[in-house]
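The block underneath contains the structure these notes are about, expressed in structure tokens.
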Amino acid sequence: MIYEGMEEAVFLDRPNRFIARVLLRGKETVCHVKNTGRCRELLLPGSRVFIQRAANEKRKTDWDLISVYKGERLINMDAAAPNAVFGQWLLEGGPGFVPALLRPETRHGDSRFDFYFEHEHRRVFAEVKGVTLEEAGVVRFPDAPTERGVKHLRGLVRCVREGFEAWAVFIIQMKGVKYFEPNRAAHPAFADALLAAREAGVRLLALDCHVTENAIRAAEPVEIRLCASPRGACRNGDKML
């Protein structure tokens with residue numbers, strides 16, 4: 001995924017979840033934040049950010065905030081990127097095949113999943129989540145309670161019971177991490193639902209990404225660790241399919 005019209009700026013503050021103020025070429029500028037998550041550990045005053053000029057000239061803001069440096073690590077925080085990254089990964093044969101059919105935004109039951117694809121006898125529903133929360137090399141999802149995320153996991157379980165394959169995919173919008181785990185502290189119900197989903201046959205996949213100042217691309221599978229309780233022992237999850 002390539003971004004055109006990128007500029008480096010300095011983050012100042014975030015008045016609300018939709019906009020941020022940055023310093024661009026010495027001038028204070030307002031830009032749209034393409035991630036409504038909290039991202040408090042990323043958007044710190046003085047942080048280096050990269051912003052993209054908006055294509056729509058009629059918008060109230062001329063720029064979109066795309067990525068931010070956390071120390072030496074560049075993190076993409078564009079909420080639209082994970083689906084694009086995963087779709088490209090599929091079309092490039094990332095899982096070992098190129099789907100004969102690939103359809104985004106497909107409804108099944110009471111859920112709308114990010115992708116449905118087919119290859120030979122395989123019929124797969126996939127839900128994709130972007131991961132930007134990192135601490136000491138460990139990445140976690142979510143950064144805040146997500147009832148929608150729990151609903152999607154339960155929907156994937158129903159897909160498995162009805163004879164489909166179901167994948168829960170976590171696109172880690174950075175490189176050089178140790179492993180992924182659900183953020184039980186932020187939302188215990190999501191952590192429980194993810195564990196239950198895997199036990200029911202949902203495939204779990206985490207992919208890190210090569211992130212540059214104007215691009216993001218899927219890289220390598222990342223280890224997934226699931227914990228049954230805050231004090232329970234973590235066990236290794238599926239590194240790949």
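Here's how to read the names in the structure tokens: chain A, B, ... by the order shown, residue numbers from 1 in each chain, ligand numbers from 1 in the order shown.
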Closest pair table for region 134-179 of chain A residues within 12 Å of region 38-52 of chain A, only C-alpha atoms, as a tab-separated table:
```
residue	atom	partner	partner_atom	distance
A:Glu134	CA	A:Glu41	CA	8.5
A:Glu135	CA	A:Glu41	CA	9.1
A:Phe141	CA	A:Cys39	CA	11.7
A:Pro142	CA	A:Arg38	CA	10.2
A:Asp143	CA	A:Arg38	CA	7.1
A:Ala144	CA	A:Arg38	CA	7.5
A:Pro145	CA	A:Arg38	CA	10.9
```
Would you compute the distance between CA of Gly163 (chain A) and CA of Ala100 (chain A)? Give it in Å to one decimal.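 Spanning CA of Gly163 (chain A) to CA of Ala100 (chain A) is a straight-line distance of 18.7 Å.
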A:Leu91, A:Ala191, A:Ala200, A:Ala9 ranked by distance to Glu165 (chain A), top pick (using only C-alpha atoms):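 The closest residue to Glu165 (chain A) is A:Ala200.
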Which residues in region 99-230 of chain A does DSSP call strand (DSSP E)? List them as a ChimeraX atom specification. /A:101-108,111-119,122-131,133-135,138-141,165-172,179-182,203-212,215-221,225-226
Calculated over only C-alpha atoms, which of the candidates A:Phe18, A:Trp63, A:Phe86, A:Phe180 has the smallest distance to Arg217 (chain A)?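 Result for the nearest residue to Arg217 (chain A): A:Phe86.
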